[in-house]
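Okay, coords_25.cif now, which holds mmCIF, C-alpha atoms, pLDDT in the B column; chains and numbers go by the auth columns:
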```
data_target
loop_
_atom_site.group_PDB
_atom_site.id
_atom_site.type_symbol
_atom_site.label_atom_id
_atom_site.label_comp_id
_atom_site.label_asym_id
_atom_site.label_seq_id
_atom_site.Cartn_x
_atom_site.Cartn_y
_atom_site.Cartn_z
_atom_site.B_iso_or_equiv
_atom_site.auth_seq_id
_atom_site.auth_asym_id
ATOM 1 C CA ASN A 1 -24.366 12.662 8.781 83.00 1 A
ATOM 2 C CA SER A 2 -20.583 12.625 9.280 90.00 2 A
ATOM 3 C CA GLU A 3 -18.112 9.829 10.058 92.00 3 A
ATOM 4 C CA VAL A 4 -14.804 9.670 11.906 94.00 4 A
ATOM 5 C CA PHE A 5 -12.298 7.230 10.420 96.00 5 A
ATOM 6 C CA ARG A 6 -9.389 5.846 12.447 97.00 6 A
ATOM 7 C CA PHE A 7 -7.381 2.634 12.426 96.00 7 A
ATOM 8 C CA LYS A 8 -7.918 0.654 15.610 97.00 8 A
ATOM 9 C CA TYR A 9 -5.339 -1.947 16.593 97.00 9 A
ATOM 10 C CA ASN A 10 -5.477 -4.739 19.159 98.00 10 A
ATOM 11 C CA LYS A 11 -2.465 -6.772 20.198 98.00 11 A
ATOM 12 C CA GLY A 12 -2.692 -10.226 18.620 98.00 12 A
ATOM 13 C CA ASP A 13 -5.009 -9.202 15.772 97.00 13 A
ATOM 14 C CA ALA A 14 -4.027 -10.976 12.559 97.00 14 A
ATOM 15 C CA TYR A 15 -5.146 -10.555 8.985 95.00 15 A
ATOM 16 C CA ARG A 16 -4.315 -11.725 5.465 96.00 16 A
ATOM 17 C CA ILE A 17 -4.446 -9.812 2.214 93.00 17 A
ATOM 18 C CA LEU A 18 -4.405 -11.151 -1.329 93.00 18 A
ATOM 19 C CA SER A 19 -3.890 -8.250 -3.714 91.00 19 A
ATOM 20 C CA THR A 20 -3.497 -8.026 -7.469 89.00 20 A
ATOM 21 C CA VAL A 21 -1.878 -5.002 -9.094 86.00 21 A
ATOM 22 C CA ASN A 22 -2.209 -4.417 -12.843 87.00 22 A
ATOM 23 C CA GLU A 23 0.235 -1.846 -14.141 84.00 23 A
ATOM 24 C CA ASP A 24 1.551 -0.365 -17.359 84.00 24 A
ATOM 25 C CA VAL A 25 5.201 0.663 -17.109 79.00 25 A
ATOM 26 C CA TYR A 26 6.480 3.474 -19.326 79.00 26 A
ATOM 27 C CA LEU A 27 10.124 4.469 -19.747 77.00 27 A
ATOM 28 C CA ASN A 28 10.767 7.850 -21.329 80.00 28 A
ATOM 29 C CA GLY A 29 7.119 8.014 -22.387 81.00 29 A
ATOM 30 C CA ILE A 30 7.191 4.653 -24.213 83.00 30 A
ATOM 31 C CA LEU A 31 5.340 1.588 -22.980 84.00 31 A
ATOM 32 C CA SER A 32 7.971 -0.817 -21.656 81.00 32 A
ATOM 33 C CA HIS A 33 5.705 -3.607 -20.449 81.00 33 A
ATOM 34 C CA ASN A 34 2.524 -4.631 -18.667 85.00 34 A
ATOM 35 C CA ALA A 35 2.707 -6.449 -15.367 86.00 35 A
ATOM 36 C CA GLN A 36 0.339 -8.230 -13.037 88.00 36 A
ATOM 37 C CA ILE A 37 1.749 -8.422 -9.517 89.00 37 A
ATOM 38 C CA VAL A 38 0.169 -10.775 -6.979 91.00 38 A
ATOM 39 C CA ASN A 39 0.928 -10.186 -3.292 92.00 39 A
ATOM 40 C CA ARG A 40 0.095 -12.643 -0.516 95.00 40 A
ATOM 41 C CA ILE A 41 0.447 -10.877 2.825 96.00 41 A
ATOM 42 C CA SER A 42 0.033 -12.126 6.384 97.00 42 A
ATOM 43 C CA THR A 43 0.268 -9.691 9.282 97.00 43 A
ATOM 44 C CA GLU A 44 -0.006 -9.743 13.056 98.00 44 A
ATOM 45 C CA VAL A 45 -0.284 -6.743 15.380 98.00 45 A
ATOM 46 C CA GLN A 46 2.586 -7.402 17.804 98.00 46 A
ATOM 47 C CA ASP A 47 1.745 -4.548 20.169 98.00 47 A
ATOM 48 C CA VAL A 48 -0.104 -1.243 20.501 98.00 48 A
ATOM 49 C CA THR A 49 1.740 1.909 21.569 98.00 49 A
ATOM 50 C CA GLU A 50 0.590 4.566 24.056 97.00 50 A
ATOM 51 C CA ASN A 51 -0.730 6.719 21.176 97.00 51 A
ATOM 52 C CA ASN A 52 -2.728 3.720 19.814 98.00 52 A
ATOM 53 C CA SER A 53 -0.386 3.012 16.879 98.00 53 A
ATOM 54 C CA GLY A 54 -0.077 -0.633 15.885 98.00 54 A
ATOM 55 C CA ILE A 55 3.277 -2.392 15.616 98.00 55 A
ATOM 56 C CA HIS A 56 2.888 -4.868 12.742 98.00 56 A
ATOM 57 C CA SER A 57 4.944 -7.919 11.816 98.00 57 A
ATOM 58 C CA SER A 58 4.321 -8.973 8.210 97.00 58 A
ATOM 59 C CA ARG A 59 5.379 -11.533 5.629 97.00 59 A
ATOM 60 C CA PHE A 60 4.949 -10.742 1.918 94.00 60 A
ATOM 61 C CA MET A 61 5.148 -13.261 -0.953 94.00 61 A
ATOM 62 C CA THR A 62 5.190 -11.691 -4.398 90.00 62 A
ATOM 63 C CA THR A 63 4.943 -13.011 -7.962 89.00 63 A
ATOM 64 C CA GLU A 64 4.904 -10.999 -11.187 86.00 64 A
ATOM 65 C CA LEU A 65 3.532 -11.891 -14.614 84.00 65 A
ATOM 66 C CA THR A 66 5.239 -9.649 -17.184 83.00 66 A
ATOM 67 C CA ASN A 67 4.161 -9.094 -20.779 80.00 67 A
ATOM 68 C CA LYS A 68 6.700 -7.330 -23.001 75.00 68 A
ATOM 69 C CA SER A 69 5.748 -6.538 -26.571 68.00 69 A
ATOM 70 C CA GLY A 70 6.942 -9.232 -28.963 63.00 70 A
ATOM 71 C CA GLN A 71 7.981 -11.623 -26.183 70.00 71 A
ATOM 72 C CA ASN A 72 6.333 -14.465 -24.303 69.00 72 A
ATOM 73 C CA LYS A 73 4.748 -13.683 -20.954 74.00 73 A
ATOM 74 C CA THR A 74 7.028 -14.515 -18.047 73.00 74 A
ATOM 75 C CA LEU A 75 5.995 -15.464 -14.519 70.00 75 A
ATOM 76 C CA ASN A 76 8.610 -14.588 -11.924 77.00 76 A
ATOM 77 C CA TRP A 77 8.823 -15.359 -8.232 75.00 77 A
ATOM 78 C CA GLU A 78 9.803 -11.905 -6.970 75.00 78 A
ATOM 79 C CA GLY A 79 10.555 -13.066 -3.466 80.00 79 A
ATOM 80 C CA GLU A 80 9.492 -13.305 0.116 92.00 80 A
ATOM 81 C CA TYR A 81 9.924 -10.302 2.360 93.00 81 A
ATOM 82 C CA PHE A 82 9.609 -9.836 6.105 96.00 82 A
ATOM 83 C CA SER A 83 8.770 -6.414 7.521 97.00 83 A
ATOM 84 C CA VAL A 84 8.092 -4.702 10.835 98.00 84 A
ATOM 85 C CA PHE A 85 6.408 -1.301 10.848 98.00 85 A
ATOM 86 C CA THR A 86 4.276 0.962 12.992 98.00 86 A
ATOM 87 C CA ARG A 87 1.096 2.511 11.629 98.00 87 A
ATOM 88 C CA ASP A 88 -0.739 5.270 13.464 98.00 88 A
ATOM 89 C CA ILE A 89 -4.493 5.772 13.806 98.00 89 A
ATOM 90 C CA TYR A 90 -4.606 7.968 10.672 98.00 90 A
ATOM 91 C CA GLY A 91 -2.639 5.453 8.539 97.00 91 A
ATOM 92 C CA LYS A 92 0.871 6.960 8.542 98.00 92 A
ATOM 93 C CA TYR A 93 3.732 4.434 8.507 97.00 93 A
ATOM 94 C CA THR A 94 6.966 4.510 10.487 97.00 94 A
ATOM 95 C CA ILE A 95 9.305 1.917 8.990 97.00 95 A
ATOM 96 C CA SER A 96 13.050 1.288 9.012 97.00 96 A
ATOM 97 C CA GLU A 97 15.120 1.619 5.807 95.00 97 A
ATOM 98 C CA GLU A 98 15.959 -2.105 5.971 94.00 98 A
ATOM 99 C CA TYR A 99 12.417 -3.088 4.928 96.00 99 A
ATOM 100 C CA PHE A 100 11.227 -3.085 1.319 93.00 100 A
ATOM 101 C CA MET A 101 7.580 -3.961 1.965 93.00 101 A
ATOM 102 C CA PRO A 102 4.927 -2.788 1.879 93.00 102 A
ATOM 103 C CA VAL A 103 5.627 -0.971 -1.383 92.00 103 A
ATOM 104 C CA VAL A 104 2.693 1.456 -1.057 94.00 104 A
ATOM 105 C CA ARG A 105 2.930 3.433 2.155 96.00 105 A
ATOM 106 C CA ASN A 106 0.621 5.964 3.777 97.00 106 A
ATOM 107 C CA VAL A 107 -2.479 4.841 1.847 96.00 107 A
ATOM 108 C CA PRO A 108 -5.086 5.387 2.993 96.00 108 A
ATOM 109 C CA ILE A 109 -4.499 8.378 5.229 97.00 109 A
ATOM 110 C CA PHE A 110 -7.613 9.445 7.115 97.00 110 A
ATOM 111 C CA PRO A 111 -8.228 13.157 7.765 96.00 111 A
ATOM 112 C CA GLU A 112 -8.362 14.395 11.360 94.00 112 A
ATOM 113 C CA GLU A 113 -11.799 15.953 10.834 95.00 113 A
ATOM 114 C CA ASP A 114 -15.163 14.226 10.406 95.00 114 A
ATOM 115 C CA ILE A 115 -16.142 13.524 6.801 96.00 115 A
ATOM 116 C CA LYS A 116 -19.438 13.242 4.945 96.00 116 A
ATOM 117 C CA ILE A 117 -20.407 11.377 1.782 97.00 117 A
ATOM 118 C CA GLY A 118 -18.810 13.136 -1.180 97.00 118 A
ATOM 119 C CA ASP A 119 -16.036 14.773 0.880 97.00 119 A
ATOM 120 C CA LYS A 120 -12.612 14.844 -0.753 98.00 120 A
ATOM 121 C CA TRP A 121 -9.124 15.195 0.724 98.00 121 A
ATOM 122 C CA THR A 122 -5.510 14.696 -0.282 98.00 122 A
ATOM 123 C CA ALA A 123 -2.534 13.241 1.564 98.00 123 A
ATOM 124 C CA GLU A 124 1.081 12.487 0.761 97.00 124 A
ATOM 125 C CA GLY A 125 2.240 8.903 0.319 97.00 125 A
ATOM 126 C CA HIS A 126 5.076 7.088 -1.399 96.00 126 A
ATOM 127 C CA GLU A 127 6.032 3.829 -3.041 94.00 127 A
ATOM 128 C CA ALA A 128 9.219 2.134 -1.835 95.00 128 A
ATOM 129 C CA HIS A 129 10.784 -0.068 -4.526 90.00 129 A
ATOM 130 C CA ASP A 130 13.414 -2.790 -4.231 89.00 130 A
ATOM 131 C CA LEU A 131 16.021 -1.918 -6.869 88.00 131 A
ATOM 132 C CA ARG A 132 18.896 -3.959 -5.421 88.00 132 A
ATOM 133 C CA LEU A 133 19.093 -6.403 -8.339 84.00 133 A
ATOM 134 C CA SER A 134 18.170 -3.966 -11.134 81.00 134 A
ATOM 135 C CA PHE A 135 20.301 -0.973 -10.157 86.00 135 A
ATOM 136 C CA GLY A 136 22.341 -1.952 -7.084 91.00 136 A
ATOM 137 C CA ILE A 137 20.477 0.504 -4.833 92.00 137 A
ATOM 138 C CA LYS A 138 20.692 -0.987 -1.335 93.00 138 A
ATOM 139 C CA ASN A 139 17.823 0.885 0.384 93.00 139 A
ATOM 140 C CA PRO A 140 14.203 1.165 -0.761 95.00 140 A
ATOM 141 C CA PHE A 141 13.925 3.684 -3.624 92.00 141 A
ATOM 142 C CA LYS A 142 11.081 5.989 -2.606 94.00 142 A
ATOM 143 C CA VAL A 143 8.879 7.773 -5.122 92.00 143 A
ATOM 144 C CA PRO A 144 6.468 10.297 -3.548 94.00 144 A
ATOM 145 C CA PHE A 145 2.913 10.969 -4.701 95.00 145 A
ATOM 146 C CA THR A 146 -0.190 12.841 -3.627 96.00 146 A
ATOM 147 C CA ALA A 147 -3.234 10.603 -3.184 97.00 147 A
ATOM 148 C CA ASN A 148 -6.716 11.987 -3.843 98.00 148 A
ATOM 149 C CA TYR A 149 -9.471 10.497 -1.684 98.00 149 A
ATOM 150 C CA THR A 150 -13.263 10.558 -1.907 98.00 150 A
ATOM 151 C CA TYR A 151 -15.634 9.151 0.695 97.00 151 A
ATOM 152 C CA GLU A 152 -18.368 7.496 -1.378 97.00 152 A
ATOM 153 C CA GLY A 153 -20.610 6.260 1.444 95.00 153 A
ATOM 154 C CA THR A 154 -21.525 2.716 2.391 95.00 154 A
ATOM 155 C CA ILE A 155 -22.428 -0.522 0.663 96.00 155 A
ATOM 156 C CA GLN A 156 -24.053 -3.609 2.114 95.00 156 A
ATOM 157 C CA LYS A 157 -22.572 -7.051 1.439 93.00 157 A
ATOM 158 C CA GLU A 158 -24.798 -10.071 0.874 94.00 158 A
ATOM 159 C CA ASP A 159 -24.166 -11.227 4.451 95.00 159 A
ATOM 160 C CA GLY A 160 -25.469 -7.889 5.791 94.00 160 A
ATOM 161 C CA THR A 161 -22.063 -6.418 6.640 94.00 161 A
ATOM 162 C CA LYS A 162 -21.901 -2.653 6.064 95.00 162 A
ATOM 163 C CA LEU A 163 -18.691 -1.388 4.440 94.00 163 A
ATOM 164 C CA HIS A 164 -17.488 2.189 3.992 95.00 164 A
ATOM 165 C CA VAL A 165 -16.137 2.973 0.515 96.00 165 A
ATOM 166 C CA ILE A 166 -13.190 5.345 0.253 96.00 166 A
ATOM 167 C CA LYS A 167 -11.744 5.784 -3.226 96.00 167 A
ATOM 168 C CA ALA A 168 -8.006 6.507 -3.435 95.00 168 A
ATOM 169 C CA ARG A 169 -6.305 7.562 -6.679 94.00 169 A
ATOM 170 C CA TYR A 170 -2.761 8.577 -7.471 92.00 170 A
ATOM 171 C CA ASN A 171 -0.386 8.636 -10.401 87.00 171 A
ATOM 172 C CA LEU A 172 3.237 7.710 -9.998 81.00 172 A
ATOM 173 C CA GLN A 173 5.781 9.512 -12.113 76.00 173 A
ATOM 174 C CA PHE A 174 9.451 10.008 -11.478 69.00 174 A
ATOM 175 C CA GLU A 175 12.082 11.790 -13.556 70.00 175 A
ATOM 176 C CA SER A 176 15.624 10.736 -12.843 66.00 176 A
ATOM 177 C CA PRO A 177 18.095 13.612 -12.574 63.00 177 A
#
```

Structure re-expressed in structure tokens:
Amino acid sequence: NSEVFRFKYNKGDAYRILSTVNEDVYLNGILSHNAQIVNRISTEVQDVTENNSGIHSSRFMTTELTNKSGQNKTLNWEGEYFSVFTRDIYGKYTISEEYFMPVVRNVPIFPEEDIKIGDKWTAEGHEAHDLRLSFGIKNPFKVPFTANYTYEGTIQKEDGTKLHVIKARYNLQFESP
């Protein structure tokens, strides 16, 4: 029993996402700090192109709780970002260099072929970081990665809604020249 996964966009569709990211940040192999990043995102599909890609208009509000060894935890308002991007039916982003959000791009990417429970695939993605204040870099600093996906099947929520579970994993590592 195989499935075909595609993003489907309708003009005027709107959605909200509340995400929490827990990360350990290492510099030169040494733990620098732990962070918990909370993103509040609201998005509207402004239009749908001829090839069924969705043109999204989004607002991102981000806070970060940082824990450095030997110091008190600090809660920082990281900022509010506005972004416009196009995402195709497989999940690939097209976004101008002026936008810093979303940070994680091209996740998930759906394969063109049908998939069955247990199938695995990989796809390229990247994170785009705002390093204007830290390092004076005016455009998003992009760090590429390869995401590994597994289709795990379906689960049923208490309200009877059936959800497909796709696990995505990647490690982010960058060595500065």

**Item:** Minimum-distance residue to Asp130 in chain A, chosen among A:Glu64, A:Glu50, A:Glu98, A:Glu3 (using all atoms listed in the file)
**Value:** A:Glu98

Enumerate, as a CSV table (one decimal) with C-alpha atoms, in the coordinates of the input, the protein, DNA and RNA residues whose atoms approach (6.8, 4.4, -16.4) to within 12 Å, taking into account all atoms listed in the file and the coordinate frame of the file.
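Heads up, here's the output in part-v8.csv:
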```csv
chain,number,residue,atom,x,y,z
A,23,GLU,CA,0.2,-1.8,-14.1
A,24,ASP,CA,1.6,-0.4,-17.4
A,25,VAL,CA,5.2,0.7,-17.1
A,26,TYR,CA,6.5,3.5,-19.3
A,27,LEU,CA,10.1,4.5,-19.7
A,28,ASN,CA,10.8,7.8,-21.3
A,29,GLY,CA,7.1,8.0,-22.4
A,30,ILE,CA,7.2,4.7,-24.2
A,31,LEU,CA,5.3,1.6,-23.0
A,32,SER,CA,8.0,-0.8,-21.7
A,33,HIS,CA,5.7,-3.6,-20.4
A,34,ASN,CA,2.5,-4.6,-18.7
A,35,ALA,CA,2.7,-6.4,-15.4
A,143,VAL,CA,8.9,7.8,-5.1
A,171,ASN,CA,-0.4,8.6,-10.4
A,172,LEU,CA,3.2,7.7,-10.0
A,173,GLN,CA,5.8,9.5,-12.1
A,174,PHE,CA,9.5,10.0,-11.5
A,175,GLU,CA,12.1,11.8,-13.6
A,176,SER,CA,15.6,10.7,-12.8
```

**Asked** Hey, what comes out of the PyMOL selection byres ((chain A and resi 102-114) around 6) on this file? Could you write it as a list in words?
**Response**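 Output from the PyMOL selection byres ((chain A and resi 102-114) around 6), applied to this file: Ser2, Glu3, Val4, Tyr90, Gly91, Lys92, Tyr93, Met101, Ile115, Gly125, His126, Glu127 and Ala128 of chain A.
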
Export of the given selection (C-alpha atoms) as a PDB file, in the coordinates of the input:
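The file below, selection35.pdb, is the result:
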```
ATOM      1  CA  SER A   2     -20.583  12.625   9.280  1.00 90.00           C
ATOM      2  CA  GLU A   3     -18.112   9.829  10.058  1.00 92.00           C
ATOM      3  CA  VAL A   4     -14.804   9.670  11.906  1.00 94.00           C
ATOM      4  CA  TYR A  90      -4.606   7.968  10.672  1.00 98.00           C
ATOM      5  CA  GLY A  91      -2.639   5.453   8.539  1.00 97.00           C
ATOM      6  CA  LYS A  92       0.871   6.960   8.542  1.00 98.00           C
ATOM      7  CA  TYR A  93       3.732   4.434   8.507  1.00 97.00           C
ATOM      8  CA  MET A 101       7.580  -3.961   1.965  1.00 93.00           C
ATOM      9  CA  ILE A 115     -16.142  13.524   6.801  1.00 96.00           C
ATOM     10  CA  GLY A 125       2.240   8.903   0.319  1.00 97.00           C
ATOM     11  CA  HIS A 126       5.076   7.088  -1.399  1.00 96.00           C
ATOM     12  CA  GLU A 127       6.032   3.829  -3.041  1.00 94.00           C
ATOM     13  CA  ALA A 128       9.219   2.134  -1.835  1.00 95.00           C
TER      14      ALA A 128
END
```

**Request:** For the structure shown, which residues end up in the PyMOL selection byres ((chain A and resi 51-57) around 6)? Put them as a list in words, please?
**Result:**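 What the PyMOL selection byres ((chain A and resi 51-57) around 6) grabs from the file is Tyr9, Thr43, Glu44, Val45, Gln46, Asp47, Val48, Thr49, Glu50, Ser58, Ser83, Val84, Phe85, Thr86, Arg87, Asp88 and Ile89 of chain A.
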
**Asked** Which residue gives the smallest distance to Thr63 in chain A among A:Asn76, A:Ser42, A:Thr20, A:Ser96, with only C-alpha atoms counted?
**Response**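 Closest residue, counting only C-alpha atoms: A:Asn76.
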
**Request:** Find the distance between CA of Lys138 in chain A and CA of Ile41 in chain A and write it in Å to one decimal.
**Result:** 22.9 Å

**Message:** Quick check, in Å to one decimal: how far apart do CA of Ala168 in chain A and CA of Phe60 in chain A lie?
**Reply:**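 Taking CA of Ala168 in chain A as the start and CA of Phe60 in chain A as the end point, the length is 22.2 Å.
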
Determine, counting all atoms listed in the file, which protein, DNA and RNA residues have an atom within 8 Å of an atom of Tyr149 in chain A; residues of the same chain fewer than 6 positions away are not included. Present the result as an mmCIF file with C-alpha atoms, in the coordinates of the input.
```
data_model
loop_
_atom_site.group_PDB
_atom_site.id
_atom_site.type_symbol
_atom_site.label_atom_id
_atom_site.label_comp_id
_atom_site.auth_asym_id
_atom_site.auth_seq_id
_atom_site.Cartn_x
_atom_site.Cartn_y
_atom_site.Cartn_z
ATOM 1 C CA LYS A 120 -12.612 14.844 -0.753
ATOM 2 C CA TRP A 121 -9.124 15.195 0.724
ATOM 3 C CA THR A 122 -5.510 14.696 -0.282
ATOM 4 C CA ILE A 166 -13.190 5.345 0.253
ATOM 5 C CA LYS A 167 -11.744 5.784 -3.226
ATOM 6 C CA ALA A 168 -8.006 6.507 -3.435
ATOM 7 C CA ARG A 169 -6.305 7.562 -6.679
#
```

**Request:** Can you work out which one of A:Asn22, A:Phe100, A:Tyr15, A:Gly79 has the shortest atom-to-atom distance to Leu65 in chain A, counting only C-alpha atoms?
**Result:**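 Among the listed residues, A:Asn22 lies closest to Leu65 in chain A.
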
**Item:** Between CA of Arg6 in chain A and CA of Lys162 in chain A - distance in Å to one decimal
**Value:**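 Interatomic distance, CA of Lys162 in chain A to CA of Arg6 in chain A: 16.4 Å.
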
**Item:** Which residue of A:Ile95, A:Ile37, A:Val21, A:Met61 approaches Pro140 in chain A most closely, using only C-alpha atoms
**Value:**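 Smallest distance to Pro140 in chain A is found for A:Ile95.
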
Could I see range 148-159 of chain A restored to N, CA and C atoms, set down as an mmCIF file, keeping the file's coordinate frame?
```
data_model
loop_
_atom_site.group_PDB
_atom_site.id
_atom_site.type_symbol
_atom_site.label_atom_id
_atom_site.label_comp_id
_atom_site.auth_asym_id
_atom_site.auth_seq_id
_atom_site.Cartn_x
_atom_site.Cartn_y
_atom_site.Cartn_z
ATOM 1 N N ASN A 148 -5.435 11.287 -3.904
ATOM 2 C CA ASN A 148 -6.716 11.987 -3.843
ATOM 3 C C ASN A 148 -7.772 11.001 -3.366
ATOM 4 N N TYR A 149 -8.478 11.369 -2.305
ATOM 5 C CA TYR A 149 -9.471 10.497 -1.684
ATOM 6 C C TYR A 149 -10.866 11.082 -1.821
ATOM 7 N N THR A 150 -11.852 10.187 -1.933
ATOM 8 C CA THR A 150 -13.263 10.558 -1.907
ATOM 9 C C THR A 150 -14.004 9.547 -1.045
ATOM 10 N N TYR A 151 -14.782 10.046 -0.097
ATOM 11 C CA TYR A 151 -15.634 9.151 0.695
ATOM 12 C C TYR A 151 -16.942 8.990 -0.068
ATOM 13 N N GLU A 152 -17.216 7.761 -0.529
ATOM 14 C CA GLU A 152 -18.368 7.496 -1.378
ATOM 15 C C GLU A 152 -19.593 6.976 -0.633
ATOM 16 N N GLY A 153 -19.465 6.752 0.678
ATOM 17 C CA GLY A 153 -20.610 6.260 1.444
ATOM 18 C C GLY A 153 -20.445 4.796 1.801
ATOM 19 N N THR A 154 -21.569 4.116 1.963
ATOM 20 C CA THR A 154 -21.525 2.716 2.391
ATOM 21 C C THR A 154 -22.176 1.803 1.363
ATOM 22 N N ILE A 155 -21.775 0.535 1.430
ATOM 23 C CA ILE A 155 -22.428 -0.522 0.663
ATOM 24 C C ILE A 155 -22.739 -1.642 1.635
ATOM 25 N N GLN A 156 -23.679 -2.469 1.275
ATOM 26 C CA GLN A 156 -24.053 -3.609 2.114
ATOM 27 C C GLN A 156 -23.705 -4.892 1.365
ATOM 28 N N LYS A 157 -22.905 -5.755 2.027
ATOM 29 C CA LYS A 157 -22.572 -7.051 1.439
ATOM 30 C C LYS A 157 -23.762 -7.990 1.583
ATOM 31 N N GLU A 158 -23.708 -9.095 0.845
ATOM 32 C CA GLU A 158 -24.798 -10.071 0.874
ATOM 33 C C GLU A 158 -25.057 -10.613 2.271
ATOM 34 N N ASP A 159 -23.992 -10.698 3.094
ATOM 35 C CA ASP A 159 -24.166 -11.227 4.451
ATOM 36 C C ASP A 159 -24.663 -10.168 5.439
#
```
